>>> print(open('final_33.pdb').read())   # PDB, C-alpha atoms
ATOM      1  CA  MET A 116      -9.459 -24.695 -18.770
ATOM      2  CA  ALA A 117      -8.880 -28.002 -20.543
ATOM      3  CA  LYS A 118     -11.564 -29.650 -18.392
ATOM      4  CA  LEU A 119     -14.053 -26.953 -19.367
ATOM      5  CA  GLU A 120     -13.237 -27.398 -23.060
ATOM      6  CA  ALA A 121     -13.705 -31.169 -22.718
ATOM      7  CA  GLU A 122     -17.112 -30.601 -21.074
ATOM      8  CA  ARG A 123     -18.132 -28.212 -23.859
ATOM      9  CA  THR A 124     -17.103 -30.722 -26.538
ATOM     10  CA  GLU A 125     -18.985 -33.557 -24.815
ATOM     11  CA  ARG A 126     -22.043 -31.335 -24.270
ATOM     12  CA  SER A 127     -22.193 -30.414 -27.962
ATOM     13  CA  SER A 128     -22.902 -34.060 -28.821
ATOM     14  CA  TRP A 129     -25.897 -34.335 -26.423
ATOM     15  CA  SER A 130     -29.528 -34.236 -27.484
ATOM     16  CA  ASP A 131     -31.681 -31.239 -26.527
ATOM     17  CA  ALA A 132     -33.545 -33.389 -23.977
ATOM     18  CA  ARG A 133     -30.307 -34.429 -22.280
ATOM     19  CA  ILE A 134     -28.995 -30.836 -22.242
ATOM     20  CA  GLU A 135     -32.205 -29.697 -20.568
ATOM     21  CA  ARG A 136     -32.061 -32.540 -18.012
ATOM     22  CA  GLU A 137     -28.366 -31.860 -17.227
ATOM     23  CA  ASP A 138     -29.014 -28.108 -16.942
ATOM     24  CA  VAL A 139     -31.788 -28.730 -14.395
ATOM     25  CA  ASN A 140     -29.496 -31.013 -12.380
ATOM     26  CA  PHE A 141     -26.666 -28.468 -12.569
ATOM     27  CA  SER A 142     -28.988 -25.675 -11.421
ATOM     28  CA  ARG A 143     -30.218 -27.713  -8.447
ATOM     29  CA  LYS A 144     -26.666 -28.544  -7.451
ATOM     30  CA  HIS A 145     -25.364 -24.949  -7.860
ATOM     31  CA  LEU A 146     -28.163 -22.829  -6.343
ATOM     32  CA  SER A 147     -29.992 -22.040  -9.598
ATOM     33  CA  SER A 148     -26.891 -21.068 -11.568
ATOM     34  CA  ARG A 149     -26.874 -22.104 -15.201
ATOM     35  CA  TRP A 150     -24.066 -24.072 -16.815
ATOM     36  CA  GLY A 151     -21.739 -21.733 -18.738
ATOM     37  CA  LYS A 152     -23.535 -18.575 -17.539
ATOM     38  CA  GLU A 153     -22.913 -15.987 -14.832
ATOM     39  CA  PRO A 154     -24.779 -16.654 -11.553
ATOM     40  CA  LEU A 155     -28.308 -15.253 -11.480
ATOM     41  CA  LEU A 156     -28.614 -14.989  -7.708
ATOM     42  CA  PRO A 157     -27.964 -11.773  -5.803
ATOM     43  CA  PHE A 158     -24.517 -11.615  -4.249
ATOM     44  CA  HIS A 159     -25.779 -12.067  -0.682
ATOM     45  CA  ILE A 160     -27.152 -15.543  -1.427
ATOM     46  CA  VAL A 161     -24.118 -17.059  -3.143
ATOM     47  CA  GLN A 162     -22.135 -19.843  -1.564
ATOM     48  CA  TRP A 163     -19.601 -18.880   1.100
ATOM     49  CA  ASP A 164     -16.077 -18.412  -0.150
ATOM     50  CA  PRO A 165     -13.927 -18.958   2.959
ATOM     51  CA  MET A 166     -10.790 -17.303   1.597
ATOM     52  CA  HIS A 167     -12.422 -14.043   0.520
ATOM     53  CA  GLY A 168     -14.722 -14.149   3.528
ATOM     54  CA  LEU A 169     -11.679 -14.256   5.795
ATOM     55  CA  HIS A 170     -10.076 -11.327   3.936
ATOM     56  CA  ASN A 171     -13.274  -9.309   4.246
ATOM     57  CA  GLU A 172     -13.654  -9.996   7.987
ATOM     58  CA  PHE A 173      -9.987  -9.299   8.653
ATOM     59  CA  ASN A 174     -10.074  -6.024   6.698
ATOM     60  CA  ALA A 175     -13.200  -4.960   8.601
ATOM     61  CA  LEU A 176     -11.469  -5.740  11.887
ATOM     62  CA  ILE A 177      -8.351  -3.742  10.968
ATOM     63  CA  SER A 178     -10.476  -0.848   9.727
ATOM     64  CA  GLU A 179     -12.615  -0.676  12.874
ATOM     65  CA  ALA A 180      -9.824  -1.332  15.380
ATOM     66  CA  VAL A 181      -7.108   0.861  13.866
ATOM     67  CA  HIS A 182      -7.826   2.906  10.736
ATOM     68  CA  GLU A 183     -11.067   4.610  11.834
ATOM     69  CA  HIS A 184      -9.436   5.773  15.076
ATOM     70  CA  LEU A 185      -6.468   7.225  13.194
ATOM     71  CA  THR A 186      -8.648   9.335  10.877
ATOM     72  CA  ILE A 187     -10.239  11.295  13.734
ATOM     73  CA  GLU A 188     -10.008  15.063  13.543
ATOM     74  CA  SER A 189     -10.290  16.855  16.847
ATOM     75  CA  PRO A 190     -10.009  20.446  18.015
ATOM     76  CA  ASP A 191      -8.268  19.074  21.135
ATOM     77  CA  LYS A 192      -4.498  19.393  20.590
ATOM     78  CA  GLU A 193      -3.777  16.482  22.958
ATOM     79  CA  VAL A 194      -6.006  14.138  20.956
ATOM     80  CA  GLU A 195      -4.470  15.270  17.656
ATOM     81  CA  ALA A 196      -0.926  14.786  19.008
ATOM     82  CA  VAL A 197      -1.609  11.298  20.366
ATOM     83  CA  ILE A 198      -3.328  10.191  17.143
ATOM     84  CA  GLU A 199      -0.539  11.615  14.959
ATOM     85  CA  ASN A 200       2.191   9.973  17.059
ATOM     86  CA  THR A 201       0.369   6.619  17.109
ATOM     87  CA  LYS A 202      -0.274   6.789  13.362
ATOM     88  CA  LYS A 203       3.421   7.391  12.637
ATOM     89  CA  ARG A 204       4.525   4.524  14.889
ATOM     90  CA  ILE A 205       2.020   2.025  13.461
ATOM     91  CA  ASN A 206       2.694   2.972   9.830
ATOM     92  CA  ALA A 207       6.463   2.628  10.470
ATOM     93  CA  LEU A 208       5.896  -0.822  12.013
ATOM     94  CA  TRP A 209       3.813  -2.022   9.056
ATOM     95  CA  LYS A 210       6.239  -0.532   6.527
ATOM     96  CA  ALA A 211       9.141  -2.346   8.207
ATOM     97  CA  LYS A 212       7.367  -5.676   7.581
ATOM     98  CA  GLN A 213       7.744  -5.081   3.814
ATOM     99  CA  LEU A 214       4.305  -6.420   2.955
ATOM    100  CA  PRO A 215       3.521  -7.270  -0.688
ATOM    101  CA  LYS A 216       1.015  -4.381  -0.681
ATOM    102  CA  PHE A 217       1.590  -0.896   0.754
ATOM    103  CA  ILE A 218      -0.629  -0.437   3.807
ATOM    104  CA  GLN A 219      -1.050   2.943   5.465
ATOM    105  CA  PHE A 220      -3.447   3.850   8.248
ATOM    106  CA  GLY A 221      -5.017   7.263   8.812
ATOM    107  CA  ARG A 222      -4.634  10.287   6.573
ATOM    108  CA  ASP A 223      -1.657  12.259   5.430
ATOM    109  CA  GLY A 224      -1.251  15.340   3.256
ATOM    110  CA  LYS A 225      -2.527  13.371   0.257
ATOM    111  CA  GLY A 226      -5.623  12.002   2.023
ATOM    112  CA  GLU A 227      -6.521   8.447   2.983
ATOM    113  CA  HIS A 228      -4.589   5.503   1.615
ATOM    114  CA  SER A 229      -5.485   1.854   1.266
ATOM    115  CA  HIS A 230      -5.408  -0.125   4.453
ATOM    116  CA  ALA A 231      -7.221  -3.167   3.025
ATOM    117  CA  LEU A 232      -5.103  -6.278   2.725
ATOM    118  CA  ASN A 233      -5.055  -8.311  -0.450
ATOM    119  CA  GLY A 234      -4.372 -12.061  -0.383
ATOM    120  CA  PRO A 235      -0.559 -12.018  -0.254
ATOM    121  CA  ALA A 236      -0.487  -9.189   2.316
ATOM    122  CA  ALA A 237      -3.096 -10.925   4.501
ATOM    123  CA  LYS A 238      -1.033 -14.106   4.358
ATOM    124  CA  VAL A 239       2.058 -12.304   5.666
ATOM    125  CA  VAL A 240       0.130 -10.418   8.368
ATOM    126  CA  LEU A 241      -1.731 -13.486   9.625
ATOM    127  CA  ARG A 242       1.502 -15.480   9.806
ATOM    128  CA  ASP A 243       3.315 -12.777  11.770
ATOM    129  CA  PRO A 244       2.903 -13.618  15.460
ATOM    130  CA  THR A 245       3.478 -10.073  16.739
ATOM    131  CA  LEU A 246       2.291  -7.552  14.150
ATOM    132  CA  ILE A 247      -1.378  -7.402  15.187
ATOM    133  CA  ILE A 248      -0.551  -7.600  18.917
ATOM    134  CA  ASP A 249       2.020  -4.790  18.607
ATOM    135  CA  THR A 250      -0.428  -2.702  16.589
ATOM    136  CA  ILE A 251      -3.203  -3.051  19.174
ATOM    137  CA  GLU A 252      -0.753  -2.285  22.002
ATOM    138  CA  MET A 253       0.371   0.863  20.159
ATOM    139  CA  MET A 254      -3.287   1.893  19.883
ATOM    140  CA  ALA A 255      -3.736   1.827  23.697
ATOM    141  CA  PRO A 256      -3.248   5.613  24.188
ATOM    142  CA  VAL A 257      -5.790   6.338  21.436
ATOM    143  CA  TYR A 258      -8.323   3.920  22.927
ATOM    144  CA  ALA A 259      -7.772   5.545  26.351
ATOM    145  CA  LEU A 260      -8.679   8.971  24.908
ATOM    146  CA  MET A 261     -11.890   7.557  23.450
ATOM    147  CA  GLU A 262     -12.784   5.951  26.778
ATOM    148  CA  GLN A 263     -12.230   9.332  28.455
ATOM    149  CA  GLY A 264     -14.779  10.799  26.032
ATOM    150  CA  LYS A 265     -12.270  13.035  24.252
ATOM    151  CA  TYR A 266     -13.391  11.863  20.804
ATOM    152  CA  GLN A 267     -15.921   9.652  19.067
ATOM    153  CA  LEU A 268     -15.509   7.467  16.011
ATOM    154  CA  GLY A 269     -16.463   9.314  12.858
ATOM    155  CA  GLN A 270     -15.688  12.689  14.413
ATOM    156  CA  SER A 271     -14.308  15.252  12.014
ATOM    157  CA  VAL A 272     -13.656  18.908  12.405
ATOM    158  CA  GLN A 273     -13.651  21.367   9.553
ATOM    159  CA  THR A 274     -10.804  23.724  10.000
ATOM    160  CA  VAL A 275     -11.490  27.273   8.928
ATOM    161  CA  LYS A 276      -8.755  29.842   8.899
ATOM    162  CA  VAL A 277      -9.835  32.883  10.819
ATOM    163  CA  HIS A 278      -7.900  36.091  10.577
ATOM    164  CA  ASP A 279      -6.555  37.307  13.866
ATOM    165  CA  PRO A 280      -7.890  40.879  14.168
ATOM    166  CA  GLU A 281      -4.581  41.876  15.721
ATOM    167  CA  ARG A 282      -2.725  40.781  12.569
ATOM    168  CA  VAL A 283      -5.088  42.130   9.892
ATOM    169  CA  ARG A 284      -4.351  45.380   8.150
ATOM    170  CA  TRP A 285      -6.740  47.008   5.749
ATOM    171  CA  SER A 286      -5.814  47.990   2.256
ATOM    172  CA  ARG A 287      -7.575  49.872  -0.521
ATOM    173  CA  LYS A 288      -6.228  47.531  -3.214
ATOM    174  CA  GLY A 289      -9.510  45.720  -3.765
ATOM    175  CA  ARG A 290     -11.824  46.176  -6.736
ATOM    176  CA  LYS A 291     -13.141  49.686  -7.224
ATOM    177  CA  GLY A 292     -11.304  50.901  -4.152
ATOM    178  CA  SER A 293     -13.146  48.677  -1.641
ATOM    179  CA  GLU A 294     -11.367  47.761   1.543
ATOM    180  CA  VAL A 295     -10.140  44.156   1.696
ATOM    181  CA  PRO A 296      -8.422  42.444   4.604
ATOM    182  CA  CYS A 297      -4.800  41.482   4.074
ATOM    183  CA  SER A 298      -2.729  39.355   6.374
ATOM    184  CA  GLY A 299       0.429  40.967   7.567
ATOM    185  CA  PRO A 300       1.983  42.810  10.484
TER     186      PRO A 300
END
>>> encode(input="final_33.pdb", output="structure tokens")
Amino acid sequence: MAKLEAERTERSSWSDARIEREDVNFSRKHLSSRWGKEPLLPFHIVQWDPMHGLHNEFNALISEAVHEHLTIESPDKEVEAVIENTKKRINALWKAKQLPKFIQFGRDGKGEHSHALNGPAAKVVLRDPTLIIDTIEMMAPVYALMEQGKYQLGQSVQTVKVHDPERVRWSRKGRKGSEVPCSGP
């Protein structure tokens, strides 16, 4: 911050011609950005930021290799059981690592949770020699089900409760005496 203030102070003493010349040089050096202004270029043209680029790639890998498989909804009870068991084991493993950020894969009763790593969490995960290997090994039964064609990525099933006709009794307690189904013996 002190360096920036020193540059601003020095710049204030320059002539208009020098400011214009320095701005042109700055823009050429920094891909058309202007000194003291936000970048004008679209985000996909900006210079590569290795740290955030690594986080983005790593989060995409974790999402595609683990999270997306653990959010599958299937009418097949075997698939549901394997996914639920794998999800519990992997989430317990990651929780035991006590990462700086809470990471949870799949869905629970409250919906989906964040599985994207921030900087400190990525640092811990990338330095752990076994966490990713153990996670991928735990995913083996889920991958096997996909290879058998028992589910596809992105598959979801809407569950609709259907009354069992054997367990429905009719009552006249609806509006204006209409018959309405009631669950019960």
>>> closest_residue(input="final_33.pdb", among="A:Asn171, A:Gln267, A:Gln219, A:Asn140", to="Asn206 (chain A)", atoms="all atoms listed in the file")
A:Gln219
>>> axis_aligned_box(input="final_33.pdb", around="region 125-138 of chain A", padding_each_side="4 Å", output="AutoDock Vina command-line options")
--center_x -26.3 --center_y -31.3 --center_z -22.9 --size_x 22.6 --size_y 14.3 --size_z 19.9
>>> residues_around(input="final_33.pdb", residues="region 172-181 of chain A", least_positions_apart="6", cutoff="9 Å", atoms="all atoms listed in the file", output="ChimeraX atom specification")
/A:220-221,230-232,237,247,250-251,254
>>> atom_distance(input="final_33.pdb", atom1="CA of Lys118 (chain A)", atom2="CA of Ser142 (chain A)")
19.2 Å
>>> residues_around(input="final_33.pdb", residues="Met253 (chain A)", least_positions_apart="4", cutoff="9 Å", atoms="all atoms listed in the file", output="list in words")
Thr201, Arg204, Ile205, Ile248, Asp249 and Val257 of chain A
>>> write_last_selection(input="final_33.pdb", atoms="C-alpha atoms", output="PDB file, in the frame of the given file")
ATOM      1  CA  THR A 201       0.369   6.619  17.109  1.00  0.00           C
ATOM      2  CA  ARG A 204       4.525   4.524  14.889  1.00  0.00           C
ATOM      3  CA  ILE A 205       2.020   2.025  13.461  1.00  0.00           C
ATOM      4  CA  ILE A 248      -0.551  -7.600  18.917  1.00  0.00           C
ATOM      5  CA  ASP A 249       2.020  -4.790  18.607  1.00  0.00           C
ATOM      6  CA  VAL A 257      -5.790   6.338  21.436  1.00  0.00           C
TER       7      VAL A 257
END
>>> resolve_selection(input="final_33.pdb", expression="the PyMOL selection byres ((chain A and resi 187-194) around 12)", output="PDB file with C-alpha atoms, in the frame of the given file")
ATOM      1  CA  VAL A 181      -7.108   0.861  13.866  1.00  0.00           C
ATOM      2  CA  HIS A 182      -7.826   2.906  10.736  1.00  0.00           C
ATOM      3  CA  GLU A 183     -11.067   4.610  11.834  1.00  0.00           C
ATOM      4  CA  HIS A 184      -9.436   5.773  15.076  1.00  0.00           C
ATOM      5  CA  LEU A 185      -6.468   7.225  13.194  1.00  0.00           C
ATOM      6  CA  THR A 186      -8.648   9.335  10.877  1.00  0.00           C
ATOM      7  CA  GLU A 195      -4.470  15.270  17.656  1.00  0.00           C
ATOM      8  CA  ALA A 196      -0.926  14.786  19.008  1.00  0.00           C
ATOM      9  CA  VAL A 197      -1.609  11.298  20.366  1.00  0.00           C
ATOM     10  CA  ILE A 198      -3.328  10.191  17.143  1.00  0.00           C
ATOM     11  CA  GLU A 199      -0.539  11.615  14.959  1.00  0.00           C
ATOM     12  CA  ASN A 200       2.191   9.973  17.059  1.00  0.00           C
ATOM     13  CA  THR A 201       0.369   6.619  17.109  1.00  0.00           C
ATOM     14  CA  LYS A 202      -0.274   6.789  13.362  1.00  0.00           C
ATOM     15  CA  PHE A 220      -3.447   3.850   8.248  1.00  0.00           C
ATOM     16  CA  GLY A 221      -5.017   7.263   8.812  1.00  0.00           C
ATOM     17  CA  ARG A 222      -4.634  10.287   6.573  1.00  0.00           C
ATOM     18  CA  ASP A 223      -1.657  12.259   5.430  1.00  0.00           C
ATOM     19  CA  GLU A 227      -6.521   8.447   2.983  1.00  0.00           C
ATOM     20  CA  PRO A 256      -3.248   5.613  24.188  1.00  0.00           C
ATOM     21  CA  VAL A 257      -5.790   6.338  21.436  1.00  0.00           C
ATOM     22  CA  TYR A 258      -8.323   3.920  22.927  1.00  0.00           C
ATOM     23  CA  ALA A 259      -7.772   5.545  26.351  1.00  0.00           C
ATOM     24  CA  LEU A 260      -8.679   8.971  24.908  1.00  0.00           C
ATOM     25  CA  MET A 261     -11.890   7.557  23.450  1.00  0.00           C
ATOM     26  CA  GLN A 263     -12.230   9.332  28.455  1.00  0.00           C
ATOM     27  CA  GLY A 264     -14.779  10.799  26.032  1.00  0.00           C
ATOM     28  CA  LYS A 265     -12.270  13.035  24.252  1.00  0.00           C
ATOM     29  CA  TYR A 266     -13.391  11.863  20.804  1.00  0.00           C
ATOM     30  CA  GLN A 267     -15.921   9.652  19.067  1.00  0.00           C
ATOM     31  CA  LEU A 268     -15.509   7.467  16.011  1.00  0.00           C
ATOM     32  CA  GLY A 269     -16.463   9.314  12.858  1.00  0.00           C
ATOM     33  CA  GLN A 270     -15.688  12.689  14.413  1.00  0.00           C
ATOM     34  CA  SER A 271     -14.308  15.252  12.014  1.00  0.00           C
ATOM     35  CA  VAL A 272     -13.656  18.908  12.405  1.00  0.00           C
ATOM     36  CA  GLN A 273     -13.651  21.367   9.553  1.00  0.00           C
ATOM     37  CA  THR A 274     -10.804  23.724  10.000  1.00  0.00           C
ATOM     38  CA  VAL A 275     -11.490  27.273   8.928  1.00  0.00           C
TER      39      VAL A 275
END
>>> residues_around(input="final_33.pdb", residues="Lys216 (chain A)", least_positions_apart="2", cutoff="12 Å", atoms="all atoms listed in the file", output="number ranges by chain")
A: 209-210, 212-214, 218-219, 228-240
>>> atom_distance(input="final_33.pdb", atom1="CA of Ser127 (chain A)", atom2="CA of Phe141 (chain A)")
16.1 Å
